[in-house]
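First comes the structure, then the notes that go with it.
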Amino acid sequence: MFEALPPAAIYLLGALIVPFLKGRVRQAFALAIPLIGLLNYTAISEGVHWTTTLLDFELILGNVDRWSLIYLNIFTVISFAGILYIINDNKALDLSAGLLYAGSAMGVVLAGDLLTMFFFWEMLTVAAVLCILSRQTPEAGKAAYRYLLVHVFGGVILLAGILIHLATGGSVAFDKIELSGVGPWLMFIGFGINCAWPVVGAWLTDTYHEASIGGVIFMATYTTKTAIFVLARCFPGEDTLLWIGMAMAIIPLIYAVIENDLRRVLAYCLINQVGFMVIGVGLGTALSLNGAAAHSYCHILYKSLLFMSIGAVIYRTGKSKATELGGLYRSMPWTCFFCCFGAASISAPFLAGFISKSMILSDAASKGTPMGTALWLVLLFAAAAVFFQAGIKVPFFAFFSRDSGIRCKEAPLNQLLAMGLVAAMCLIVGSFPNLIVYSMLPNPEASYNPYTFSHVTDQYALLLFSGLAFVLLLRAGLYPAEIRSTNVDFEVLYRRGGPVLYRVFDKVLNAANRIASALFIGVIARNVCNFFESGASRLACWIMTPVWMMQGADSEQIEDNRQAFFRIARKGALPIGITAFCAVMMLGLLSLIFLLEK
Amino acid sequence: MKPDTSNADETPGWFDRKENVRKVLAGLSIGCGVLVLIDVIFWVTGYDKHPYLKWEKWPGFYAVYGFVSCVLLTMVAKYLLRPLVMRDENFYGEKAESEEMKGGSDNV
């Protein structure tokens, strides 16, 4: 068996080398990196690996346990599928951003200390910004800027939290932290920003639909799932997470109903599914934490598949809005099939989502408390409604609905292969959960069997009646028409609030700056400068004036004398006699003071 | 390049035929009916569903819950959220025309 390397190192090195390669070599190299990553994954064993020292801190690049391994597994799988999906365009920026993203996320899940975690956490932001920029539209440029601002803000909060935590005697270990005091709370909020919590998570639906078609796969896979991972590592069982999770599970879905851009619909549904995971972490039991990990795994699969299929539609048609699409099942039958497959994988039995979502639902219901029951009702509502949106609305408006008249080619072969790979994973994971996911769960002692006859029939009832509701609402004309519009969410806080804040700062701070400049530089500094430059010379002129007056000079002569003397005194070019005279006078003065003191 | 939309003379697709759409809808209705029937049989025979909550034992609970959830969601979105949050497409001052994305050059 060979010695495993830090996966982040493999991917980050790959990301650096890719831009220097060309043509087929670049394609082969970019595809080889995830394969090497997969091979490397098989050699990684549980325990602490790859440690180094920085100042007084021990940095741990490999804190490997069951938690990190299950995330590492799915991150590696999607890194391959994602790279395969974008390989035919062979753009260095896309490929590098994808590899950088994957490596950074792996760095986070393997970090054993908070500093290493923070380093890779910030690398995620860099990679995401590159993924948005690689779309190469003016809107993408602006979205990347907004993404950067929000995540730098989140990063600063997290860093402040870590530093306060360390300064108040907290451990640098990336492990369970008690949520009390300023430091842990700031860290909690810093994690929450990446986790797309309500209000602070508006960046997700504001930017994902602007990213490149490949970039959004990496974005949907890595950022929010690493956030779930860090929450599960540091704050499992926090009750606050239950309320946050409930809000995440419901509110975005209401937006999804009236959203026109299908990638934005998927982004809203992504937040909803992350809400399930947040609740899983918040419940904090062995089963619910298993559920959070398993659902991260499964959700990454089907959400990638859905983003890939809509990405393929964008690739061929240049469009992603429900108002502009429709009837594409004829032109893109395979893409349509994979989109429907991804949709079914959200929660249909024998596909990925079913085996993981139900773990969290079961754990909530088994509590027997009012909160547990409320969670169960909310999650069941969210399960039905997310299928209604991501599962029915997205495929319907893209591939069926009215015929938009668009006729295009089927997606390129590499995209179909990537979609096929992920779809196969959805099927295998869903049909044989013990084979892949359940065998990797963080708490192996908490066993779960999703496949009871009644569970399967109940789930199908939930899904088919969601479908029935869609059909009836559509036929009755009650389903909201797709309208070209902007639905304002909390991103308005920074998109509208940001410029207002800028203007306020401009008026207030710049005015204060002008006043301070006029006072300190214009008045005080100038006078002080003048004093040191010519103060002594002026003093000498004043002293000499009575002497000239005694000599009988008139005012005109005195003025001439003053100017001549001032020039000489400023340059220090006084005749030796006068200098000696002044020195004697000074000496005499000092002697007088000395005698008087005596 | 704009996608090709000159397709007036082609034959309608499978889903464009009304009878096929009717078949799909009939299939959906039958599926829904069968699932409710199974639930009723469970209830009548006293089949143990290992429920956590009492509602899970009620016949058709999941069906009704799924249906009502979706209708409720749609109504809230349409009549409450949309009037509240919907703005012009160019609300943030970005050109609507530039929504056309990169790609879309390989159409036939």
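If you're wondering about the labels, chains in the structure tokens are A, B, ... by order shown, residues count from 1 in each chain, ligands from 1 in order shown.
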
Tell me as a VMD selection string which residues belonging to chain A come within 7 Å of chain B, counting only C-alpha atoms.
chain A and resid 254 to 255 257 to 258 314 to 319 330 365 to 366 381 384 to 385 388 405 to 409 454 457 to 458 461 to 466 469 479 to 480 484 to 488

Residue contacts of Glu58 of chain A (10 Å, only C-alpha atoms) excluding same-chain residues fewer than 4 positions away, as a list in words
Thr51, Thr52, Thr53, Leu54, Gly112, Asp113, Leu115, Thr116, Val172 and Ala173 of chain A

As number ranges by chain, please: the residues near Val77 of chain A (cut-off 9 Å, only C-alpha atoms, same-chain neighbours under 5 positions excluded).
A: 34-35, 38, 72, 82, 422

Per DSSP on the backbone, what are the alpha helix (DSSP H) residues of segment 214-366 of chain A, as a count of residues only?
121

Could you tell me how far atom CA of Tyr145 of chain A sits from atom CA of Val200 of chain A, in Å to one decimal place?
16.4 Å

Just give me the gap between atom CA of Ala8 of chain A and atom CA of Leu124 of chain A in Å, one decimal is fine.
11.6 Å

One decimal, in Å: what's the spacing between atom CA of Val471 of chain A and atom CA of Trp58 of chain B?
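Interatomic distance, atom CA of Val471 of chain A to atom CA of Trp58 of chain B: 25.0 Å.
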